[in-house]
Amino acid sequence: MPELPKKYNIGEREKYWQNFWAKEGTFKFDEKSDKPIYSVDTPPPYVSADHLHMGHIMSYSQAEFVVRYKRMRGYNVYYPMGFDDNGLPTERFVEKKYKIDKSKVTRPEFVKICLEETKKGAQNYKDLWTALGISVDWSKTYSTINEHCQQISQWSFIDLYKQGKMLYKEEPTFWCPKCQTALAQADLEDKEEKGKLNYVNFSSPDGKKLQIATTRPELIPACVALFVNPEDKRYRDLVGKKAKVPLFDYEVPIMADPLVDPEFGTGLMMVCTWGDAEDVRKWKEYKLETRKIVDTKGLLTELAGSYQELYLTKAREQILADLKKEGLLEKQADTEHVMNVHERCDTPAEFIITKQWFIKVLDAKEALLKRGEELKWHPEHMKSRYVNWVEALKWDWCISRDRYYGVPFPVWHCQDCAEVILPEEKDLPVDPSVDKPPVSTCPKCKSENIVPESNVMDTWMTSSLTPLIGAKLVEDEAMQQKLYPATLRPQAFEIIRTWLFYTVTKAYYHHKSLPFKEKYSPESQLPFSDAMISGHGLDDKGRKISKSLGNYVDANKIIEQYGADAIRYWATGASLGANMRYSEDEIKKGKKTVNKLWNATKFCLSHFANLDLEKKVELEPADQWVLDELYNTIQDVTDDFDNYEYSKARNSTDAFFWQTFTDNYLELIKYRLYNKEEVGSESYIAAQQTLYTCISAILKLYAPIMPFITEELYQAYFKDIEGANSIHISAWPEAKGEWEMKDEETKAEFAKVLGVIFEIRKYKSDQQISLGKEINEFKTGDKDLPEKYFDFVEKATRVKKLIR
RNA sequence: GGGCACUUGGCGCAGUUGGUAGCGCGACUGUUUUACACACAGUAGGUCGGGGGUUCGAAUCCCUCAGUGCCCACCA
């Protein structure tokens, strides 16, 4: 009979099983199997995260609970891993970490540092995920800067270009003066700021005062018109006339637009090129003049006269001071206004006119909303975030970034006729800055003046293709078709508007071009069928974990201290989509559960000598009762996992394991197991068999959540009986109909029996005597307890004589 | 200004078809019951954010108000 050591050495054994799973290839995808597929579009983390905290652990664990469950349910699980290591996040990380001034290094030098740095980052992640027991197939990994991903990203570009979904246009676009690149709408965040509303005097040609209110006086030299509401009686006569711009002394037209709010400021509004989206609209609609006064670095241009070369904020101070001096600043009022800042650096975004690549999304809104409806959201309410975002879209998706490190556009431009020259698909990936163009002269104008596109792609341009990137890691094309679209997309809610939205968009546009027709119907044009949206981690006080607060807990340290199982247990603490606090108490509870499983299994194994699972014996009431409870538990837990409710699954498993099984059932049958004369009797065998059924099911129910301890215990005994090489590929427990206590009368009777047992425990507790102490007699308050249970109650509670 | 979520014992949370309020942590009183003191037995503690309605009956459905958090929005 196997005997477990007294203590379970968490650190040592968890390492052992990590190696075991790697060596055995337990989580390796079976490319030959014809079992049903469950494929996961694993989130590729930014490797530039320089510290991994509990928030990372939480979201990856939560998805993994479901994945492990599916594996045990018999699915052929495809669980690849990716690392997002291209683009702006990485660039900024490297610049900051090494304090690099990019104007002083060459592009290849810089890229080399980025590659080295991301390699380190990927290793950090791999180590942490391995320690946590995340069951990905490490033989199926990608990094978004590698050739595989570049090839698919460039294919995507060309396909969209050919479909006419790609625009190359010169337009005022969101621009980050700090990162010096164009941005997409999704790269911006709202930030509320206290500021001043400045009342500034313009003047009419005949010298009349025209007062406007603005929060951005530095844009006065960019003013191209004044606007009023057409209904505004105060200004009606002015429409069609001219106004003189203060300090700069040139004239602009006065016009009317119904969207001007007469109640705001003075009702007279300054329109610049370009202060905000509304300026851009008016500029386009009324074909206003263009005055470019801000350059790509956020410095004012020569149009700003004496303010040239000043940064925007500096120019504001200067202009305000000068206005004041001239008596043109009538007053200043406190105001709060919302501005768009670049989410990666918090710098207010400007509108700058540059030539950029865009993917059309505005004219696909309706179709994209429909895709959102077709997607199965878990939890359901997260869908509204997607719907909100799509409905509010105002700009096409700008995918080019004026940066160094990213996937190059597969594009050359003819300098003379602006023809766009693309490579052959078979030559992808290409790097136009290094590779020769596919033609030596422009196919349209025969010019030899061909130059490579210098911008790189937005990182989302690649990560929006992860389901395809993942599927294509497998070589067999028939299998690729089964892997795409993926089954599950797990991700955090913050990136619904980016990762999820962009991926849905790409899948919708590409579905006709992909060879993967088998799973596709006209109704299904999604990159995955289910989206599992997690919340984010909070610190123990409920604040968001952030670098600036310094409130993050080092993930590796906690694993070392408590073990991966205990931390994963904590990660079940909040239901899907809810934010979750870091709680050391919950981790401790997890560790206790590990310990309890160890001890309970140790107890069971010590009674499994000559275990005969085949022999038909009659079960006793206690056995029937616990099996009935087990039946309900398995059903509940199965339903819960099917509904992505790992939190409820854990609660139900906990309740059965701690209360029903260990606190009650084990205590109720000890007298049968320890009585030497009973060994080998029907009663003894019934207890053994029931014990086996319960404990093996318990281990399996916990296996998705606590993979290490359950594997340890499974391997110690159950493996030989069940056959599967690992508990994680063994069969999920079946709730057998025969366990269900269908007879209501027996059920009610046993409830009474338990009532009397609790009565006796309370009596002993009140008397402050040990539960193990035998007492001579006990008079129960339950007058209806059937006599046939007296013997059982007496033995189970150590009462010599039970009196009714 | 709009949307979504949340508001249940000291703390963190469950309560999915409406039917006598649960769990964990903490507190307190006990107990070495031949698995486990990382345990077990027991005790105290809540009129389920406020108000109104539907119903024989509501934490659970409807309305309304308030607070918290997140997302979104052109009031310069």
# chains A, B, ... in the order shown; residues from 1 in each chain; ligands from 1
>>> select_by_dssp(residues="region 458-528 of chain A", states="alpha helix (DSSP H)", output="mmCIF file with N, CA, C and O atoms, in the first residue's frame")
data_model
loop_
_atom_site.group_PDB
_atom_site.id
_atom_site.type_symbol
_atom_site.label_atom_id
_atom_site.label_comp_id
_atom_site.auth_asym_id
_atom_site.auth_seq_id
_atom_site.Cartn_x
_atom_site.Cartn_y
_atom_site.Cartn_z
ATOM 1 N N THR A 459 1.356 48.075 -33.746
ATOM 2 C CA THR A 459 1.482 46.724 -33.186
ATOM 3 C C THR A 459 0.167 45.943 -33.258
ATOM 4 O O THR A 459 0.141 44.734 -33.406
ATOM 5 N N TRP A 460 -0.963 46.654 -33.202
ATOM 6 C CA TRP A 460 -2.260 45.967 -33.283
ATOM 7 C C TRP A 460 -2.524 45.399 -34.668
ATOM 8 O O TRP A 460 -3.363 44.531 -34.847
ATOM 9 N N MET A 461 -1.815 45.933 -35.661
ATOM 10 C CA MET A 461 -1.964 45.425 -37.017
ATOM 11 C C MET A 461 -1.561 43.947 -37.044
ATOM 12 O O MET A 461 -2.118 43.164 -37.799
ATOM 13 N N THR A 462 -0.606 43.590 -36.196
ATOM 14 C CA THR A 462 -0.179 42.191 -36.095
ATOM 15 C C THR A 462 -1.020 41.424 -35.075
ATOM 16 O O THR A 462 -1.523 40.334 -35.366
ATOM 17 N N SER A 463 -1.198 42.005 -33.899
ATOM 18 C CA SER A 463 -1.888 41.227 -32.864
ATOM 19 C C SER A 463 -3.371 41.033 -33.186
ATOM 20 O O SER A 463 -4.025 40.171 -32.612
ATOM 21 N N THR A 466 -3.885 37.309 -34.330
ATOM 22 C CA THR A 466 -3.399 36.181 -33.523
ATOM 23 C C THR A 466 -4.136 34.857 -33.757
ATOM 24 O O THR A 466 -3.488 33.815 -33.732
ATOM 25 N N PRO A 467 -5.450 34.849 -34.002
ATOM 26 C CA PRO A 467 -6.079 33.543 -34.235
ATOM 27 C C PRO A 467 -5.509 32.860 -35.478
ATOM 28 O O PRO A 467 -5.327 31.647 -35.507
ATOM 29 N N LEU A 468 -5.196 33.665 -36.484
ATOM 30 C CA LEU A 468 -4.632 33.140 -37.715
ATOM 31 C C LEU A 468 -3.157 32.758 -37.512
ATOM 32 O O LEU A 468 -2.708 31.692 -37.948
ATOM 33 N N ILE A 469 -2.446 33.619 -36.819
ATOM 34 C CA ILE A 469 -1.036 33.356 -36.514
ATOM 35 C C ILE A 469 -0.910 32.051 -35.747
ATOM 36 O O ILE A 469 -0.059 31.214 -36.041
ATOM 37 N N GLY A 470 -1.792 31.872 -34.773
ATOM 38 C CA GLY A 470 -1.772 30.655 -33.965
ATOM 39 C C GLY A 470 -2.066 29.425 -34.803
ATOM 40 O O GLY A 470 -1.331 28.441 -34.757
ATOM 41 N N ALA A 471 -3.117 29.497 -35.587
ATOM 42 C CA ALA A 471 -3.518 28.333 -36.384
ATOM 43 C C ALA A 471 -2.412 27.943 -37.360
ATOM 44 O O ALA A 471 -2.164 26.768 -37.603
ATOM 45 N N GLU A 477 -2.409 21.719 -43.340
ATOM 46 C CA GLU A 477 -3.452 22.679 -43.697
ATOM 47 C C GLU A 477 -4.851 22.249 -43.285
ATOM 48 O O GLU A 477 -5.691 23.073 -42.938
ATOM 49 N N ALA A 478 -5.071 20.943 -43.318
ATOM 50 C CA ALA A 478 -6.380 20.456 -42.891
ATOM 51 C C ALA A 478 -6.588 20.768 -41.420
ATOM 52 O O ALA A 478 -7.677 21.160 -40.990
ATOM 53 N N MET A 479 -5.509 20.633 -40.654
ATOM 54 C CA MET A 479 -5.604 20.937 -39.231
ATOM 55 C C MET A 479 -5.762 22.434 -39.008
ATOM 56 O O MET A 479 -6.528 22.875 -38.147
ATOM 57 N N GLN A 480 -5.081 23.237 -39.810
ATOM 58 C CA GLN A 480 -5.233 24.690 -39.696
ATOM 59 C C GLN A 480 -6.702 25.087 -39.831
ATOM 60 O O GLN A 480 -7.195 25.958 -39.117
ATOM 61 N N GLN A 481 -7.372 24.420 -40.727
ATOM 62 C CA GLN A 481 -8.782 24.734 -40.944
ATOM 63 C C GLN A 481 -9.624 24.436 -39.723
ATOM 64 O O GLN A 481 -10.643 25.078 -39.491
ATOM 65 N N LYS A 482 -9.180 23.425 -38.959
ATOM 66 C CA LYS A 482 -9.949 23.100 -37.754
ATOM 67 C C LYS A 482 -9.628 24.065 -36.621
ATOM 68 O O LYS A 482 -10.395 24.220 -35.684
ATOM 69 N N LEU A 483 -8.441 24.688 -36.697
ATOM 70 C CA LEU A 483 -8.014 25.561 -35.601
ATOM 71 C C LEU A 483 -8.496 26.997 -35.774
ATOM 72 O O LEU A 483 -8.473 27.789 -34.842
ATOM 73 N N PHE A 501 -11.709 44.312 -30.793
ATOM 74 C CA PHE A 501 -12.325 45.014 -31.917
ATOM 75 C C PHE A 501 -11.522 44.830 -33.208
ATOM 76 O O PHE A 501 -12.070 44.515 -34.266
ATOM 77 N N TYR A 502 -10.206 45.020 -33.104
ATOM 78 C CA TYR A 502 -9.378 44.903 -34.307
ATOM 79 C C TYR A 502 -9.385 43.478 -34.859
ATOM 80 O O TYR A 502 -9.363 43.268 -36.070
ATOM 81 N N THR A 503 -9.381 42.498 -33.957
ATOM 82 C CA THR A 503 -9.360 41.107 -34.425
ATOM 83 C C THR A 503 -10.665 40.759 -35.121
ATOM 84 O O THR A 503 -10.681 40.087 -36.156
ATOM 85 N N VAL A 504 -11.761 41.216 -34.560
ATOM 86 C CA VAL A 504 -13.063 40.980 -35.185
ATOM 87 C C VAL A 504 -13.109 41.647 -36.567
ATOM 88 O O VAL A 504 -13.579 41.073 -37.546
ATOM 89 N N THR A 505 -12.571 42.861 -36.625
ATOM 90 C CA THR A 505 -12.559 43.591 -37.889
ATOM 91 C C THR A 505 -11.759 42.839 -38.956
ATOM 92 O O THR A 505 -12.211 42.653 -40.090
ATOM 93 N N LYS A 506 -10.564 42.418 -38.569
ATOM 94 C CA LYS A 506 -9.703 41.709 -39.525
ATOM 95 C C LYS A 506 -10.372 40.424 -40.006
ATOM 96 O O LYS A 506 -10.363 40.122 -41.198
ATOM 97 N N ALA A 507 -10.908 39.670 -39.085
ATOM 98 C CA ALA A 507 -11.518 38.388 -39.466
ATOM 99 C C ALA A 507 -12.677 38.626 -40.430
ATOM 100 O O ALA A 507 -12.868 37.888 -41.390
ATOM 101 N N TYR A 508 -13.418 39.680 -40.157
ATOM 102 C CA TYR A 508 -14.550 40.001 -41.013
ATOM 103 C C TYR A 508 -14.080 40.347 -42.429
ATOM 104 O O TYR A 508 -14.626 39.876 -43.425
ATOM 105 N N TYR A 509 -13.038 41.152 -42.531
ATOM 106 C CA TYR A 509 -12.544 41.542 -43.847
ATOM 107 C C TYR A 509 -11.853 40.395 -44.587
ATOM 108 O O TYR A 509 -11.932 40.291 -45.798
ATOM 109 N N HIS A 510 -11.135 39.566 -43.816
ATOM 110 C CA HIS A 510 -10.311 38.542 -44.482
ATOM 111 C C HIS A 510 -11.055 37.254 -44.797
ATOM 112 O O HIS A 510 -10.525 36.407 -45.507
#
>>> residues_around(residues="Leu128 (chain A)", least_positions_apart="5", cutoff="9 Å", atoms="only C-alpha atoms (C1' of nucleotides)", output="PyMOL selection string")
chain A and resi 52+57+123+133-134+555-556+559
>>> residues_around(residues="Met339 (chain A)", least_positions_apart="2", cutoff="7 Å", atoms="only C-alpha atoms (C1' of nucleotides)", output="list in words")
Asp190, Lys191, Glu192, His337, Val341 and Pro348 of chain A
>>> write_last_selection(atoms="all heavy atoms", output="PDB file, in the first residue's frame")
ATOM      1  N   ASP A 190      -9.153  59.415 -22.335  1.00  0.00           N
ATOM      2  CA  ASP A 190      -9.692  60.699 -21.866  1.00  0.00           C
ATOM      3  C   ASP A 190      -8.935  61.118 -20.622  1.00  0.00           C
ATOM      4  O   ASP A 190      -8.652  60.292 -19.777  1.00  0.00           O
ATOM      5  CB  ASP A 190     -11.161  60.551 -21.453  1.00  0.00           C
ATOM      6  CG  ASP A 190     -12.005  60.173 -22.630  1.00  0.00           C
ATOM      7  OD1 ASP A 190     -11.503  60.249 -23.753  1.00  0.00           O
ATOM      8  OD2 ASP A 190     -13.168  59.803 -22.416  1.00  0.00           O
ATOM      9  N   LYS A 191      -8.677  62.372 -20.537  1.00  0.00           N
ATOM     10  CA  LYS A 191      -8.112  62.840 -19.283  1.00  0.00           C
ATOM     11  C   LYS A 191      -8.752  64.179 -18.953  1.00  0.00           C
ATOM     12  O   LYS A 191      -8.733  65.096 -19.764  1.00  0.00           O
ATOM     13  CB  LYS A 191      -6.600  62.991 -19.411  1.00  0.00           C
ATOM     14  CG  LYS A 191      -5.924  63.155 -18.070  1.00  0.00           C
ATOM     15  CD  LYS A 191      -4.430  63.166 -18.218  1.00  0.00           C
ATOM     16  CE  LYS A 191      -3.760  63.360 -16.875  1.00  0.00           C
ATOM     17  NZ  LYS A 191      -2.315  63.539 -17.024  1.00  0.00           N
ATOM     18  N   GLU A 192      -9.310  64.232 -17.767  1.00  0.00           N
ATOM     19  CA  GLU A 192      -9.949  65.469 -17.379  1.00  0.00           C
ATOM     20  C   GLU A 192      -8.902  66.402 -16.795  1.00  0.00           C
ATOM     21  O   GLU A 192      -8.038  65.986 -16.034  1.00  0.00           O
ATOM     22  CB  GLU A 192     -11.042  65.204 -16.349  1.00  0.00           C
ATOM     23  CG  GLU A 192     -12.186  66.165 -16.521  1.00  0.00           C
ATOM     24  CD  GLU A 192     -13.469  65.636 -15.943  1.00  0.00           C
ATOM     25  OE1 GLU A 192     -14.204  64.922 -16.637  1.00  0.00           O
ATOM     26  OE2 GLU A 192     -13.707  65.955 -14.775  1.00  0.00           O
ATOM     27  N   HIS A 337     -11.934  70.533 -18.511  1.00  0.00           N
ATOM     28  CA  HIS A 337     -12.248  69.999 -19.832  1.00  0.00           C
ATOM     29  C   HIS A 337     -11.538  68.676 -20.064  1.00  0.00           C
ATOM     30  O   HIS A 337     -10.554  68.343 -19.416  1.00  0.00           O
ATOM     31  CB  HIS A 337     -11.950  71.026 -20.931  1.00  0.00           C
ATOM     32  CG  HIS A 337     -10.515  71.379 -21.064  1.00  0.00           C
ATOM     33  ND1 HIS A 337      -9.855  71.328 -22.258  1.00  0.00           N
ATOM     34  CD2 HIS A 337      -9.607  71.762 -20.142  1.00  0.00           C
ATOM     35  CE1 HIS A 337      -8.591  71.678 -22.054  1.00  0.00           C
ATOM     36  NE2 HIS A 337      -8.423  71.943 -20.792  1.00  0.00           N
ATOM     37  N   VAL A 341      -5.376  62.115 -24.437  1.00  0.00           N
ATOM     38  CA  VAL A 341      -3.937  61.930 -24.261  1.00  0.00           C
ATOM     39  C   VAL A 341      -3.538  60.569 -24.819  1.00  0.00           C
ATOM     40  O   VAL A 341      -4.343  59.650 -24.879  1.00  0.00           O
ATOM     41  CB  VAL A 341      -3.522  62.028 -22.771  1.00  0.00           C
ATOM     42  CG1 VAL A 341      -3.855  63.393 -22.217  1.00  0.00           C
ATOM     43  CG2 VAL A 341      -4.161  60.933 -21.951  1.00  0.00           C
ATOM     44  N   PRO A 348      -0.829  65.008 -24.266  1.00  0.00           N
ATOM     45  CA  PRO A 348      -2.005  65.396 -25.047  1.00  0.00           C
ATOM     46  C   PRO A 348      -1.732  65.231 -26.543  1.00  0.00           C
ATOM     47  O   PRO A 348      -0.685  65.637 -27.041  1.00  0.00           O
ATOM     48  CB  PRO A 348      -2.198  66.873 -24.698  1.00  0.00           C
ATOM     49  CG  PRO A 348      -1.526  67.040 -23.379  1.00  0.00           C
ATOM     50  CD  PRO A 348      -0.381  66.075 -23.367  1.00  0.00           C
TER      51      PRO A 348
END
>>> interface_residues(of="chain B", to="chain A", cutoff="12 Å", atoms="only C-alpha atoms (C1' of nucleotides)", output="number ranges by chain")
B: 2-6, 11-16, 22-26, 29-36, 38-43, 68-76
>>> write_last_selection(atoms="C-alpha atoms (C1' of nucleotides)", output="CSV table (one decimal), in the first residue's frame")
chain,number,residue,atom,x,y,z
B,2,G,C1',-24.7,58.7,-22.2
B,3,G,C1',-23.7,53.4,-21.1
B,4,C,C1',-22.3,49.3,-18.0
B,5,A,C1',-21.3,47.1,-13.3
B,6,C,C1',-21.5,47.2,-8.2
B,11,C,C1',-13.6,42.8,6.2
B,12,G,C1',-13.9,40.1,1.3
B,13,C,C1',-17.9,37.8,-1.2
B,14,A,C1',-22.2,33.7,-2.7
B,15,G,C1',-27.2,33.9,-3.2
B,16,U,C1',-29.3,32.3,-12.1
B,22,G,C1',-25.3,31.7,3.4
B,23,C,C1',-19.6,31.1,2.8
B,24,G,C1',-14.5,32.4,3.9
B,25,C,C1',-11.5,35.6,6.9
B,26,G,C1',-11.7,37.9,11.6
B,29,U,C1',-15.7,29.5,23.9
B,30,G,C1',-13.8,24.8,23.7
B,31,U,C1',-11.4,20.0,21.9
B,32,U,C1',-4.8,16.5,20.6
B,33,U,C1',-11.3,12.7,18.2
B,34,U,C1',-5.6,6.3,15.3
B,35,A,C1',-5.7,12.2,7.9
B,36,C,C1',-5.0,17.2,9.1
B,38,C,C1',-2.6,24.7,7.9
B,39,A,C1',-7.5,20.8,12.0
B,40,C,C1',-12.3,20.0,14.4
B,41,A,C1',-16.9,21.3,17.5
B,42,G,C1',-19.6,25.3,19.0
B,43,U,C1',-21.2,30.8,20.0
B,68,U,C1',-18.9,53.8,-5.7
B,69,G,C1',-16.1,52.1,-9.9
B,70,C,C1',-15.2,51.6,-15.0
B,71,C,C1',-16.0,52.9,-20.2
B,72,C,C1',-17.6,56.4,-23.7
B,73,A,C1',-18.9,61.6,-25.5
B,74,C,C1',-17.6,67.9,-30.1
B,75,C,C1',-19.5,71.9,-25.6
B,76,A,C1',-14.5,75.0,-28.1
>>> atom_distance(atom1="CA of Glu745 (chain A)", atom2="CA of Pro786 (chain A)")
11.5 Å
>>> atom_distance(atom1="CA of Ser48 (chain A)", atom2="CA of Phe110 (chain A)")
15.0 Å
>>> residues_around(residues="Tyr789 (chain A)", least_positions_apart="2", cutoff="12 Å", atoms="only C-alpha atoms (C1' of nucleotides)", output="number ranges by chain")
A: 620-622, 746, 749-754, 756-757, 784-787, 791-796, 802-804
>>> closest_residue(among="B:U7, B:G1, B:C28, B:G19", to="C56 (chain B)", atoms="only C-alpha atoms (C1' of nucleotides)")
B:G19
>>> closest_residue(among="A:Tyr484, A:Trp732, A:Lys325, A:Lys209", to="Pro515 (chain A)", atoms="only C-alpha atoms")
A:Tyr484
>>> closest_residue(among="B:G45, B:A37, B:A27, B:G18", to="A58 (chain B)", atoms="only C-alpha atoms (C1' of nucleotides)")
B:G18
>>> residues_around(residues="Asn86 (chain A)", least_positions_apart="4", cutoff="8 Å", atoms="only C-alpha atoms (C1' of nucleotides)", output="list in words")
Thr90, Glu91, Thr144, Ile145, Tyr405, Gly406, Val407 and Thr459 of chain A
>>> write_last_selection(atoms="N, CA, C and O atoms", output="mmCIF file, in the first residue's frame")
data_model
loop_
_atom_site.group_PDB
_atom_site.id
_atom_site.type_symbol
_atom_site.label_atom_id
_atom_site.label_comp_id
_atom_site.auth_asym_id
_atom_site.auth_seq_id
_atom_site.Cartn_x
_atom_site.Cartn_y
_atom_site.Cartn_z
ATOM 1 N N THR A 90 7.260 48.384 -26.969
ATOM 2 C CA THR A 90 8.622 47.893 -26.793
ATOM 3 C C THR A 90 9.628 49.020 -26.999
ATOM 4 O O THR A 90 10.569 49.177 -26.225
ATOM 5 N N GLU A 91 9.405 49.797 -28.038
ATOM 6 C CA GLU A 91 10.319 50.910 -28.308
ATOM 7 C C GLU A 91 10.433 51.842 -27.114
ATOM 8 O O GLU A 91 11.519 52.204 -26.691
ATOM 9 N N THR A 144 5.539 38.453 -32.077
ATOM 10 C CA THR A 144 4.907 39.241 -33.137
ATOM 11 C C THR A 144 5.910 39.935 -34.055
ATOM 12 O O THR A 144 5.519 40.516 -35.052
ATOM 13 N N ILE A 145 7.197 39.874 -33.710
ATOM 14 C CA ILE A 145 8.181 40.476 -34.613
ATOM 15 C C ILE A 145 8.822 39.395 -35.494
ATOM 16 O O ILE A 145 9.593 39.692 -36.391
ATOM 17 N N TYR A 405 10.661 50.511 -34.834
ATOM 18 C CA TYR A 405 10.673 49.093 -34.504
ATOM 19 C C TYR A 405 9.288 48.500 -34.679
ATOM 20 O O TYR A 405 8.413 48.696 -33.851
ATOM 21 N N GLY A 406 9.116 47.803 -35.764
ATOM 22 C CA GLY A 406 7.819 47.190 -35.985
ATOM 23 C C GLY A 406 7.854 46.447 -37.301
ATOM 24 O O GLY A 406 8.900 46.376 -37.967
ATOM 25 N N VAL A 407 6.700 45.901 -37.670
ATOM 26 C CA VAL A 407 6.627 45.197 -38.945
ATOM 27 C C VAL A 407 6.608 46.248 -40.058
ATOM 28 O O VAL A 407 5.801 47.168 -40.026
ATOM 29 N N THR A 459 1.356 48.075 -33.746
ATOM 30 C CA THR A 459 1.482 46.724 -33.186
ATOM 31 C C THR A 459 0.167 45.943 -33.258
ATOM 32 O O THR A 459 0.141 44.734 -33.406
#
>>> select_by_dssp(residues="region 87-321 of chain A", states="strand (DSSP E or B)", output="MDAnalysis selection string")
chainID A and resid 141:143 166:176 181:182 188:203 209:214 223:228 242:244 251:256 269:272 294 299:300 311
>>> write_last_selection(atoms="C-alpha atoms", output="tab-separated table (two decimals), in the first residue's frame")
chain	number	residue	atom	x	y	z
A	141	THR	CA	4.97	29.82	-29.73
A	142	TYR	CA	5.34	32.96	-31.73
A	143	SER	CA	6.61	36.46	-31.26
A	166	MET	CA	-6.86	50.37	-47.22
A	167	LEU	CA	-6.52	54.12	-47.56
A	168	TYR	CA	-3.33	56.10	-47.99
A	169	LYS	CA	-4.25	59.64	-47.34
A	170	GLU	CA	-3.02	62.97	-46.13
A	171	GLU	CA	-5.27	64.08	-43.33
A	172	PRO	CA	-5.22	65.73	-39.96
A	173	THR	CA	-4.59	62.75	-37.71
A	174	PHE	CA	-4.10	62.20	-34.00
A	175	TRP	CA	-0.47	62.71	-33.28
A	176	CYS	CA	1.69	62.26	-30.20
A	181	THR	CA	3.98	59.30	-34.41
A	182	ALA	CA	0.48	59.19	-35.78
A	188	LEU	CA	-6.12	57.71	-26.84
A	189	GLU	CA	-7.46	58.06	-23.36
A	190	ASP	CA	-9.69	60.70	-21.87
A	191	LYS	CA	-8.11	62.84	-19.28
A	192	GLU	CA	-9.95	65.47	-17.38
A	193	GLU	CA	-7.96	68.56	-16.75
A	194	LYS	CA	-8.49	71.74	-14.81
A	195	GLY	CA	-7.64	74.71	-16.92
A	196	LYS	CA	-8.54	78.25	-17.81
A	197	LEU	CA	-11.13	79.41	-20.25
A	198	ASN	CA	-9.58	82.53	-21.71
A	199	TYR	CA	-11.75	85.35	-23.00
A	200	VAL	CA	-9.80	86.93	-25.83
A	201	ASN	CA	-10.68	89.92	-27.92
A	202	PHE	CA	-10.64	89.67	-31.68
A	203	SER	CA	-11.85	92.66	-33.58
A	209	LYS	CA	-14.57	94.11	-30.11
A	210	LEU	CA	-15.31	90.43	-30.86
A	211	GLN	CA	-14.81	88.31	-27.81
A	212	ILE	CA	-14.18	84.57	-28.03
A	213	ALA	CA	-13.49	82.02	-25.30
A	214	THR	CA	-10.78	79.41	-25.68
A	223	CYS	CA	-7.20	80.39	-36.30
A	224	VAL	CA	-8.88	80.18	-39.69
A	225	ALA	CA	-12.42	81.28	-38.88
A	226	LEU	CA	-14.81	82.41	-36.20
A	227	PHE	CA	-18.13	80.61	-35.88
A	228	VAL	CA	-21.50	81.46	-34.36
A	242	LYS	CA	-14.27	89.30	-41.35
A	243	ALA	CA	-12.53	89.34	-38.01
A	244	LYS	CA	-9.00	90.33	-37.18
A	251	GLU	CA	-8.26	88.39	-41.12
A	252	VAL	CA	-10.49	85.33	-40.91
A	253	PRO	CA	-14.09	84.84	-42.02
A	254	ILE	CA	-17.01	84.74	-39.59
A	255	MET	CA	-19.35	81.86	-40.33
A	256	ALA	CA	-22.34	80.05	-38.86
A	269	MET	CA	-16.06	80.43	-31.33
A	270	MET	CA	-12.56	80.31	-32.71
A	271	VAL	CA	-11.83	77.53	-35.20
A	272	CYS	CA	-8.21	76.53	-35.69
A	294	VAL	CA	2.45	72.85	-34.82
A	299	LEU	CA	6.92	73.05	-31.58
A	300	LEU	CA	5.33	76.07	-33.22
A	311	TYR	CA	6.71	74.03	-27.34
>>> atom_distance(atom1="CA of Asp416 (chain A)", atom2="CA of Asn449 (chain A)")
6.7 Å
>>> closest_residue(among="A:Glu218, A:Ile558, A:Ile669, A:His342", to="Thr301 (chain A)", atoms="only C-alpha atoms")
A:Glu218
